[in-house]
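Asks: Before I ask anything, let me first share the structure, which is written out below as structure tokens.
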Amino acid sequence: MRNSTIGAVWGKSEPWQLEGYRRQLEFAGSPAGKCGGDSCSQVIFLLLLLKEKWVLNRMQQPVAGDRSTVVPLLYPSQTSLAADLHYTHRIIEDPEWSLATVPHLTELCLQHIVHNFEKNPILDRLLPEHQRKVLDRLSTGLPLTVTANLISNEDYWKRCCTERWQVCDISNYGDSWKRMFFERHLENILKRFIPNTTDPNQVLELIPLCKDYVRKLEVDQFLPPVKVDQKEERDDLSDTGSEFGLSEVSVHHYDLGVLITALPHLEELHLTYGVKDCGMNFEWNLFNFTYQDCCNLAVAVKMCHNLKVFKLTRSKVDDDKTRLLVRNLLDHPCLVELNLSHNLIRDKGARAVGKLINRSRLEILDLCNNQICHLGAQALAQALAENSTLTSLNLRLNCVEDEGGEAIGRALLTNTTLKSIHLGSNNLSEPTATLFSQVLAQNTTLTSINFSCNHLGLDGGKQLLDGLADNKALTEFDLRLAEVGQETEYLIHQIVWANREAARLGSLQHPSTKPL
């Protein structure tokens, strides 16, 4: 009877009450409670019930993020039995519940580093395998102030390049993804820079981040300043009037001086002053390379002591601007290639370039598509006769005519360094071919000559063929559209092909020992 009463009370008790009962039982079973035999058995029985009740109570408590099955009481009442018939097999589902184990502490730390990299970049202190995991997860949109001088991993910069540009050929960037990113990033800023509108700090703040990685800049667009006061539209002018009738308007472009002098490793500079994709907004002033632009550029190039290649093309460079550039390039310690093609250079500009040939280390000179006539060609020929460094000269699409062609031919009778010369489309005829037949018979250095699109004639072709009879050096000779006759052109081609085949076999027998 006593036991059943105790069980009934026990089943209705709350957890806080059970704790009180437990303490009372502990006291009753202690020596201080003076427990008798019958009392001891009751104490043991109640302790067992306490343990059972406590275990069941813990099992029935819901746990967040977990699935559990409701367990029926060992001593249920009739009311609980009816409820158990309905809820015994119920499963509480958590849509986010997973069997995956808790990540390792190392993994959690790496996740924290990645998520907080911008505020607290930690990389060098990590183990190599942990560094790789962090770099693979870092966003390519992190500020360059964080990543530029901290991350050298090429895989990270490869992701930066491929996510930004569709075409990525690292062979043009020394097989370096990081170099490609910074060069192209800087080029894009320069192409979009609008004087008096764009904040110059966009360029200045980038200099300390990219100066160690930029070795070449190719900028094929310079935007002019935006007009503040729009004047009334002028009457329509013809192309000739628009090009030559209007005075030069002040549309000075971005001054590269501060940038170029701050890039210690810059070796190549390719520039075109103009606007791409201007569409219906076309104006001739958009393509003006002003004298002030030329002054700024000339000073900057002079201070760039490691510059090896300088290309300024399609920029309306005339004689005055050519002479200004040449004055600042004289005695340059490293310049080996100069390209001023597709400009407006005439004889005075050519004479200035002739002076540069013998006061520099130039090896490649490209003056294609200018307005050089025989006087300019004669000045170049005089410099060529005394030169010992130039290996390639391109005068295509000028108008040197026979007077200039013969002067160059006489210079090649003594020159022993030039390997390639291009005189295509220069209005040359038989007198030039006659002199070059002597060059072919005596010169053993020239390997490539281009006389295409001239008027050498049948007799001129025959003389060139005679000059080639004992020549073993020439491996390229372009006579397309030179009017030398089909048979003569074929015979010349056979001789040149034999020379080229002999040179190929010789290179196989004596491979170059120069490092790649």
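Residue numbering restarts at 1 for every chain of the structure tokens, chains are lettered A, B, ... in their displayed order, and ligands are numbered from 1 as they appear.
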List the spatial neighbours of Arg359 of chain A as a ChimeraX atom specification - criterion: any atom at most 8 Å away, only C-alpha atoms, same-chain residues fewer than 3 positions off excluded.
Replies: /A:330-331,355-356
Asks: Among the residues of segment 263-371 of chain A, find those DSSP assigns to alpha helix (DSSP H) from the backbone and print them as a PyMOL selection string.
Replies: chain A and resi 291-303+319-329+347-357
Asks: Output N, CA and C atoms of each residue in that selection to a file, as an mmCIF file, in the first residue's frame.
Replies:
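The resulting result18.cif:
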data_model
loop_
_atom_site.group_PDB
_atom_site.id
_atom_site.type_symbol
_atom_site.label_atom_id
_atom_site.label_comp_id
_atom_site.auth_asym_id
_atom_site.auth_seq_id
_atom_site.Cartn_x
_atom_site.Cartn_y
_atom_site.Cartn_z
ATOM 1 N N TYR A 291 51.379 69.100 -79.554
ATOM 2 C CA TYR A 291 52.797 69.330 -79.302
ATOM 3 C C TYR A 291 53.101 69.213 -77.807
ATOM 4 N N GLN A 292 52.149 69.638 -76.969
ATOM 5 C CA GLN A 292 52.339 69.498 -75.522
ATOM 6 C C GLN A 292 52.355 68.029 -75.122
ATOM 7 N N ASP A 293 51.494 67.231 -75.750
ATOM 8 C CA ASP A 293 51.534 65.785 -75.502
ATOM 9 C C ASP A 293 52.901 65.228 -75.842
ATOM 10 N N CYS A 294 53.443 65.677 -76.963
ATOM 11 C CA CYS A 294 54.741 65.176 -77.414
ATOM 12 C C CYS A 294 55.849 65.587 -76.450
ATOM 13 N N CYS A 295 55.788 66.829 -75.955
ATOM 14 C CA CYS A 295 56.799 67.285 -74.989
ATOM 15 C C CYS A 295 56.761 66.425 -73.726
ATOM 16 N N ASN A 296 55.552 66.199 -73.215
ATOM 17 C CA ASN A 296 55.425 65.394 -71.998
ATOM 18 C C ASN A 296 55.939 63.974 -72.206
ATOM 19 N N LEU A 297 55.598 63.403 -73.366
ATOM 20 C CA LEU A 297 56.021 62.029 -73.651
ATOM 21 C C LEU A 297 57.529 61.940 -73.842
ATOM 22 N N ALA A 298 58.105 62.908 -74.534
ATOM 23 C CA ALA A 298 59.546 62.885 -74.796
ATOM 24 C C ALA A 298 60.342 62.936 -73.498
ATOM 25 N N VAL A 299 59.928 63.787 -72.574
ATOM 26 C CA VAL A 299 60.620 63.890 -71.289
ATOM 27 C C VAL A 299 60.487 62.589 -70.502
ATOM 28 N N ALA A 300 59.289 62.005 -70.552
ATOM 29 C CA ALA A 300 59.056 60.755 -69.810
ATOM 30 C C ALA A 300 59.909 59.621 -70.361
ATOM 31 N N VAL A 301 59.987 59.509 -71.688
ATOM 32 C CA VAL A 301 60.766 58.428 -72.307
ATOM 33 C C VAL A 301 62.254 58.599 -72.011
ATOM 34 N N LYS A 302 62.701 59.824 -71.986
ATOM 35 C CA LYS A 302 64.116 60.075 -71.688
ATOM 36 C C LYS A 302 64.477 59.589 -70.291
ATOM 37 N N MET A 303 63.533 59.717 -69.349
ATOM 38 C CA MET A 303 63.797 59.315 -67.974
ATOM 39 C C MET A 303 63.617 57.814 -67.756
ATOM 40 N N ASP A 319 57.062 66.128 -88.586
ATOM 41 C CA ASP A 319 58.507 66.361 -88.497
ATOM 42 C C ASP A 319 58.914 67.032 -87.195
ATOM 43 N N ASP A 320 58.158 68.049 -86.784
ATOM 44 C CA ASP A 320 58.525 68.770 -85.558
ATOM 45 C C ASP A 320 58.471 67.847 -84.345
ATOM 46 N N LYS A 321 57.440 67.046 -84.270
ATOM 47 C CA LYS A 321 57.316 66.133 -83.127
ATOM 48 C C LYS A 321 58.362 65.024 -83.188
ATOM 49 N N THR A 322 58.707 64.614 -84.413
ATOM 50 C CA THR A 322 59.752 63.596 -84.553
ATOM 51 C C THR A 322 61.086 64.121 -84.047
ATOM 52 N N ARG A 323 61.420 65.341 -84.423
ATOM 53 C CA ARG A 323 62.691 65.922 -83.975
ATOM 54 C C ARG A 323 62.710 66.107 -82.458
ATOM 55 N N LEU A 324 61.560 66.482 -81.885
ATOM 56 C CA LEU A 324 61.492 66.619 -80.427
ATOM 57 C C LEU A 324 61.720 65.271 -79.745
ATOM 58 N N LEU A 325 61.103 64.226 -80.257
ATOM 59 C CA LEU A 325 61.303 62.899 -79.680
ATOM 60 C C LEU A 325 62.744 62.435 -79.820
ATOM 61 N N VAL A 326 63.330 62.668 -81.004
ATOM 62 C CA VAL A 326 64.694 62.201 -81.254
ATOM 63 C C VAL A 326 65.683 62.895 -80.326
ATOM 64 N N ARG A 327 65.480 64.184 -80.063
ATOM 65 C CA ARG A 327 66.398 64.902 -79.173
ATOM 66 C C ARG A 327 66.453 64.258 -77.788
ATOM 67 N N ASN A 328 65.345 63.722 -77.355
ATOM 68 C CA ASN A 328 65.310 63.100 -76.034
ATOM 69 C C ASN A 328 65.702 61.625 -76.063
ATOM 70 N N LEU A 329 65.833 61.059 -77.248
ATOM 71 C CA LEU A 329 66.226 59.651 -77.359
ATOM 72 C C LEU A 329 67.702 59.476 -77.710
ATOM 73 N N ASP A 347 60.799 64.379 -94.827
ATOM 74 C CA ASP A 347 62.255 64.299 -94.956
ATOM 75 C C ASP A 347 62.990 64.873 -93.746
ATOM 76 N N LYS A 348 62.497 65.980 -93.185
ATOM 77 C CA LYS A 348 63.167 66.546 -92.011
ATOM 78 C C LYS A 348 63.124 65.575 -90.832
ATOM 79 N N GLY A 349 61.987 64.954 -90.657
ATOM 80 C CA GLY A 349 61.897 63.967 -89.591
ATOM 81 C C GLY A 349 62.802 62.777 -89.847
ATOM 82 N N ALA A 350 62.917 62.357 -91.117
ATOM 83 C CA ALA A 350 63.797 61.238 -91.463
ATOM 84 C C ALA A 350 65.258 61.580 -91.195
ATOM 85 N N ARG A 351 65.640 62.834 -91.463
ATOM 86 C CA ARG A 351 67.024 63.246 -91.173
ATOM 87 C C ARG A 351 67.308 63.169 -89.671
ATOM 88 N N ALA A 352 66.316 63.545 -88.860
ATOM 89 C CA ALA A 352 66.502 63.445 -87.408
ATOM 90 C C ALA A 352 66.657 61.982 -86.983
ATOM 91 N N VAL A 353 65.874 61.103 -87.576
ATOM 92 C CA VAL A 353 65.983 59.674 -87.251
ATOM 93 C C VAL A 353 67.343 59.137 -87.688
ATOM 94 N N GLY A 354 67.845 59.630 -88.840
ATOM 95 C CA GLY A 354 69.168 59.220 -89.292
ATOM 96 C C GLY A 354 70.244 59.561 -88.275
ATOM 97 N N LYS A 355 70.110 60.726 -87.640
ATOM 98 C CA LYS A 355 71.073 61.094 -86.594
ATOM 99 C C LYS A 355 70.967 60.145 -85.404
ATOM 100 N N LEU A 356 69.721 59.717 -85.096
ATOM 101 C CA LEU A 356 69.522 58.815 -83.962
ATOM 102 C C LEU A 356 70.143 57.447 -84.215
ATOM 103 N N ILE A 357 70.157 57.006 -85.475
ATOM 104 C CA ILE A 357 70.674 55.670 -85.797
ATOM 105 C C ILE A 357 72.094 55.488 -85.285
#
Asks: Using DSSP on the backbone, list every residue of segment 280-372 of chain A that comes out as strand (DSSP E), and give them as a list of chain:residue names.
Replies: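 Answer for segment 280-372 of chain A, restricted to strand (DSSP E): A:Val309, A:Phe310, A:Lys311, A:Leu312, A:Glu337, A:Leu338, A:Asn339, A:Ile364, A:Leu365, A:Asp366.
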Asks: Would you kindly return, as a list in words, each protein, DNA or RNA residue with an atom no farther than 12 Å from any atom of Ala469 of chain A, considering only C-alpha atoms and excluding same-chain residues fewer than 5 positions away?
Replies: Ser437, Gln438, Leu440, Ala441, Gln442, Lys462, Gln463, Leu464, Leu474, Leu491, Ile492, Gln494, Ile495, Val496, Ala498 and Asn499 of chain A
Asks: Find the residue from A:His265, A:Arg314, A:Arg125, A:Arg480 that sits nearest to Gln221 of chain A; use only C-alpha atoms when measuring.
Replies: A:Arg314
Asks: Work out how far apart atom CA of Ala381 of chain A and atom CA of Val439 of chain A are and give it in Å to one decimal.
Replies: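 About the pair atom CA of Ala381 of chain A and atom CA of Val439 of chain A: they are 13.9 Å apart.
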Asks: How many Å separate atom CA of Asn306 of chain A from atom CA of Lys216 of chain A?
Replies: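 Distance between the two atoms: 11.2 Å.
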Asks: What is the atom CA of Glu363 of chain A to atom CA of Lys472 of chain A distance in Å?
Replies: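 Going from atom CA of Glu363 of chain A over to atom CA of Lys472 of chain A covers 23.2 Å.
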Asks: Can you tell me which residues surround segment 148-162 of chain A at a distance of at most 9 Å, considering only C-alpha atoms, apart from same-chain residues fewer than 4 positions away, and format the answer as a tab-separated table (two decimals) with N, CA, C and O atoms, in the first residue's frame?
Replies:
chain	number	residue	atom	x	y	z
A	121	PRO	N	44.35	39.92	-43.24
A	121	PRO	CA	44.95	38.95	-44.17
A	121	PRO	C	46.05	38.13	-43.49
A	121	PRO	O	47.08	38.66	-43.08
A	123	LEU	N	48.37	34.81	-44.22
A	123	LEU	CA	48.76	33.85	-45.25
A	123	LEU	C	50.15	33.28	-45.00
A	123	LEU	O	50.34	32.07	-44.97
A	124	ASP	N	51.13	34.14	-44.81
A	124	ASP	CA	52.51	33.68	-44.70
A	124	ASP	C	52.74	32.79	-43.49
A	124	ASP	O	53.64	31.95	-43.49
A	132	ARG	N	47.40	26.86	-49.58
A	132	ARG	CA	46.75	26.49	-50.85
A	132	ARG	C	45.23	26.49	-50.69
A	132	ARG	O	44.49	26.95	-51.58
A	135	LEU	N	44.01	30.15	-50.57
A	135	LEU	CA	44.11	30.82	-51.87
A	135	LEU	C	43.05	30.31	-52.84
A	135	LEU	O	42.54	31.08	-53.66
A	136	ASP	N	42.72	29.02	-52.75
A	136	ASP	CA	41.70	28.47	-53.65
A	136	ASP	C	40.31	29.02	-53.34
A	136	ASP	O	39.45	29.03	-54.21
A	138	LEU	N	39.75	32.18	-51.83
A	138	LEU	CA	39.69	33.64	-51.79
A	138	LEU	C	38.94	34.20	-52.99
A	138	LEU	O	39.05	33.70	-54.10
A	139	SER	N	38.21	35.27	-52.76
A	139	SER	CA	37.49	35.94	-53.85
A	139	SER	C	38.46	36.74	-54.70
A	139	SER	O	39.41	37.35	-54.19
A	140	THR	N	38.23	36.74	-56.02
A	140	THR	CA	39.06	37.54	-56.92
A	140	THR	C	38.69	39.01	-56.87
A	140	THR	O	39.34	39.84	-57.52
A	141	GLY	N	37.65	39.34	-56.11
A	141	GLY	CA	37.23	40.74	-56.00
A	141	GLY	C	37.82	41.47	-54.81
A	141	GLY	O	37.43	42.60	-54.53
A	143	PRO	N	40.27	43.79	-52.64
A	143	PRO	CA	41.01	44.99	-53.04
A	143	PRO	C	42.47	44.68	-53.34
A	143	PRO	O	43.09	43.85	-52.65
A	144	LEU	N	43.02	45.34	-54.35
A	144	LEU	CA	44.43	45.11	-54.70
A	144	LEU	C	45.36	45.57	-53.60
A	144	LEU	O	46.50	45.09	-53.51
A	166	GLN	N	38.27	37.29	-71.56
A	166	GLN	CA	38.01	36.03	-72.26
A	166	GLN	C	39.27	35.46	-72.88
A	166	GLN	O	39.48	34.25	-72.88
A	167	VAL	N	40.11	36.32	-73.43
A	167	VAL	CA	41.35	35.88	-74.09
A	167	VAL	C	42.53	36.20	-73.18
A	167	VAL	O	42.76	37.36	-72.85
A	168	CYS	N	43.26	35.16	-72.80
A	168	CYS	CA	44.40	35.33	-71.90
A	168	CYS	C	45.57	34.50	-72.42
A	168	CYS	O	45.59	33.28	-72.25
A	176	SER	N	53.61	34.84	-67.03
A	176	SER	CA	53.25	35.21	-65.67
A	176	SER	C	51.83	35.75	-65.64
A	176	SER	O	51.52	36.76	-66.29
A	177	TRP	N	50.96	35.09	-64.87
A	177	TRP	CA	49.58	35.55	-64.74
A	177	TRP	C	49.49	36.85	-63.95
A	177	TRP	O	48.67	37.72	-64.24
A	178	LYS	N	50.33	36.97	-62.95
A	178	LYS	CA	50.29	38.19	-62.14
A	178	LYS	C	50.73	39.39	-62.96
A	178	LYS	O	50.13	40.48	-62.88
A	179	ARG	N	51.77	39.22	-63.77
A	179	ARG	CA	52.20	40.31	-64.63
A	179	ARG	C	51.11	40.69	-65.62
A	179	ARG	O	50.84	41.87	-65.86
A	180	MET	N	50.45	39.68	-66.22
A	180	MET	CA	49.36	39.96	-67.15
A	180	MET	C	48.26	40.78	-66.47
A	180	MET	O	47.76	41.76	-67.04
A	181	PHE	N	47.88	40.38	-65.26
A	181	PHE	CA	46.78	41.07	-64.59
A	181	PHE	C	47.11	42.55	-64.39
A	181	PHE	O	46.31	43.43	-64.73
A	182	PHE	N	48.28	42.84	-63.84
A	182	PHE	CA	48.58	44.23	-63.51
A	182	PHE	C	48.83	45.08	-64.76
A	182	PHE	O	48.46	46.26	-64.79
A	209	LEU	N	51.45	49.48	-56.11
A	209	LEU	CA	50.96	48.11	-56.13
A	209	LEU	C	51.47	47.34	-57.34
A	209	LEU	O	51.67	46.12	-57.27
A	210	CYS	N	51.67	48.03	-58.47
A	210	CYS	CA	51.99	47.32	-59.71
A	210	CYS	C	53.40	47.59	-60.23
A	210	CYS	O	53.82	46.96	-61.22
Asks: Between A:Lys211, A:Asn172, A:Leu481, A:Leu223, which has the minimum distance to Lys276 of chain A (counting only C-alpha atoms)?
Replies: A:Leu223
Asks: Just the residues within 8 Å of segment 371-378 of chain A, please, counting only C-alpha atoms, with nothing from its chain fewer than 2 positions along; format it as a PDB file with N, CA and C atoms, in the first residue's frame.
Replies:
ATOM      1  N   LEU A 344      53.041  60.955 -90.006  1.00  0.00           N
ATOM      2  CA  LEU A 344      53.156  62.001 -91.043  1.00  0.00           C
ATOM      3  C   LEU A 344      54.589  62.491 -91.156  1.00  0.00           C
ATOM      4  N   ILE A 345      55.553  61.614 -91.011  1.00  0.00           N
ATOM      5  CA  ILE A 345      56.969  61.992 -91.026  1.00  0.00           C
ATOM      6  C   ILE A 345      57.427  62.225 -92.463  1.00  0.00           C
ATOM      7  N   ARG A 346      58.089  63.351 -92.671  1.00  0.00           N
ATOM      8  CA  ARG A 346      58.641  63.702 -93.990  1.00  0.00           C
ATOM      9  C   ARG A 346      60.161  63.666 -93.925  1.00  0.00           C
ATOM     10  N   ASP A 347      60.799  64.379 -94.827  1.00  0.00           N
ATOM     11  CA  ASP A 347      62.255  64.299 -94.956  1.00  0.00           C
ATOM     12  C   ASP A 347      62.990  64.873 -93.746  1.00  0.00           C
ATOM     13  N   LYS A 348      62.497  65.980 -93.185  1.00  0.00           N
ATOM     14  CA  LYS A 348      63.167  66.546 -92.011  1.00  0.00           C
ATOM     15  C   LYS A 348      63.124  65.575 -90.832  1.00  0.00           C
ATOM     16  N   GLY A 349      61.987  64.954 -90.657  1.00  0.00           N
ATOM     17  CA  GLY A 349      61.897  63.967 -89.591  1.00  0.00           C
ATOM     18  C   GLY A 349      62.802  62.777 -89.847  1.00  0.00           C
ATOM     19  N   ALA A 350      62.917  62.357 -91.117  1.00  0.00           N
ATOM     20  CA  ALA A 350      63.797  61.238 -91.463  1.00  0.00           C
ATOM     21  C   ALA A 350      65.258  61.580 -91.195  1.00  0.00           C
ATOM     22  N   ARG A 351      65.640  62.834 -91.463  1.00  0.00           N
ATOM     23  CA  ARG A 351      67.024  63.246 -91.173  1.00  0.00           C
ATOM     24  C   ARG A 351      67.308  63.169 -89.671  1.00  0.00           C
ATOM     25  N   ASN A 369      54.784  53.492 -93.893  1.00  0.00           N
ATOM     26  CA  ASN A 369      53.599  54.325 -94.137  1.00  0.00           C
ATOM     27  C   ASN A 369      53.753  55.735 -93.567  1.00  0.00           C
ATOM     28  N   LEU A 380      68.924  58.715 -94.347  1.00  0.00           N
ATOM     29  CA  LEU A 380      68.951  57.411 -93.687  1.00  0.00           C
ATOM     30  C   LEU A 380      70.068  56.536 -94.238  1.00  0.00           C
ATOM     31  N   ALA A 381      70.286  56.606 -95.561  1.00  0.00           N
ATOM     32  CA  ALA A 381      71.340  55.805 -96.191  1.00  0.00           C
ATOM     33  C   ALA A 381      72.718  56.216 -95.695  1.00  0.00           C
ATOM     34  N   GLN A 382      72.913  57.514 -95.520  1.00  0.00           N
ATOM     35  CA  GLN A 382      74.206  57.989 -95.021  1.00  0.00           C
ATOM     36  C   GLN A 382      74.483  57.446 -93.618  1.00  0.00           C
ATOM     37  N   ASN A 398      56.358  54.363 -98.467  1.00  0.00           N
ATOM     38  CA  ASN A 398      56.845  55.732 -98.533  1.00  0.00           C
ATOM     39  C   ASN A 398      57.012  56.081-100.011  1.00  0.00           C
ATOM     40  N   CYS A 399      57.802  57.088-100.315  1.00  0.00           N
ATOM     41  CA  CYS A 399      58.012  57.462-101.718  1.00  0.00           C
ATOM     42  C   CYS A 399      59.467  57.858-101.930  1.00  0.00           C
ATOM     43  N   VAL A 400      60.372  56.920-101.651  1.00  0.00           N
ATOM     44  CA  VAL A 400      61.803  57.237-101.758  1.00  0.00           C
ATOM     45  C   VAL A 400      62.261  57.272-103.207  1.00  0.00           C
ATOM     46  N   GLU A 401      61.563  56.596-104.104  1.00  0.00           N
ATOM     47  CA  GLU A 401      61.873  56.564-105.540  1.00  0.00           C
ATOM     48  C   GLU A 401      63.304  56.098-105.783  1.00  0.00           C
ATOM     49  N   ASP A 402      63.755  56.190-107.017  1.00  0.00           N
ATOM     50  CA  ASP A 402      65.054  55.610-107.369  1.00  0.00           C
ATOM     51  C   ASP A 402      66.224  56.347-106.726  1.00  0.00           C
ATOM     52  N   GLU A 403      66.084  57.650-106.543  1.00  0.00           N
ATOM     53  CA  GLU A 403      67.189  58.392-105.916  1.00  0.00           C
ATOM     54  C   GLU A 403      67.415  57.888-104.488  1.00  0.00           C
ATOM     55  N   GLY A 404      66.356  57.704-103.775  1.00  0.00           N
ATOM     56  CA  GLY A 404      66.505  57.175-102.425  1.00  0.00           C
ATOM     57  C   GLY A 404      66.889  55.707-102.426  1.00  0.00           C
ATOM     58  N   GLY A 405      66.304  54.914-103.342  1.00  0.00           N
ATOM     59  CA  GLY A 405      66.630  53.496-103.420  1.00  0.00           C
ATOM     60  C   GLY A 405      68.096  53.257-103.756  1.00  0.00           C
ATOM     61  N   ALA A 407      70.571  55.315-103.145  1.00  0.00           N
ATOM     62  CA  ALA A 407      71.388  55.739-102.005  1.00  0.00           C
ATOM     63  C   ALA A 407      71.445  54.625-100.957  1.00  0.00           C
ATOM     64  N   ILE A 408      70.321  53.999-100.725  1.00  0.00           N
ATOM     65  CA  ILE A 408      70.303  52.889 -99.754  1.00  0.00           C
ATOM     66  C   ILE A 408      71.112  51.710-100.273  1.00  0.00           C
TER      67      ILE A 408
END
Asks: Show me, as a PyMOL selection string, the residues that have an atom within 12 Å of Glu267 of chain A when counting only C-alpha atoms, minus same-chain residues fewer than 6 positions from it.
Replies: chain A and resi 173+213-218+260-261+301+304-311+334-337
Asks: Those residues you just picked out, can you put them in a file as a compact mmCIF listing (two decimals), in the first residue's frame with C-alpha atoms?
Replies:
# COMPACT_ATOMS: atom_id res chain seq x y z
CA TYR A 173 53.63 38.39 -70.54
CA TYR A 213 55.26 43.65 -62.11
CA VAL A 214 54.73 45.97 -65.12
CA ARG A 215 57.25 45.48 -67.92
CA LYS A 216 55.17 46.40 -70.95
CA LEU A 217 52.32 48.84 -71.62
CA GLU A 218 50.15 48.75 -74.73
CA ILE A 260 56.44 55.94 -66.62
CA THR A 261 59.21 57.27 -64.41
CA VAL A 301 60.77 58.43 -72.31
CA CYS A 304 62.85 55.69 -68.61
CA HIS A 305 66.39 54.29 -68.70
CA ASN A 306 65.41 50.62 -69.06
CA LEU A 307 63.15 51.17 -72.08
CA LYS A 308 64.07 48.81 -74.93
CA VAL A 309 61.07 49.06 -77.28
CA PHE A 310 59.22 52.30 -78.09
CA LYS A 311 56.28 52.29 -80.50
CA CYS A 334 68.90 50.64 -73.77
CA LEU A 335 66.61 51.49 -76.70
CA VAL A 336 66.91 48.80 -79.41
CA GLU A 337 63.60 49.11 -81.30
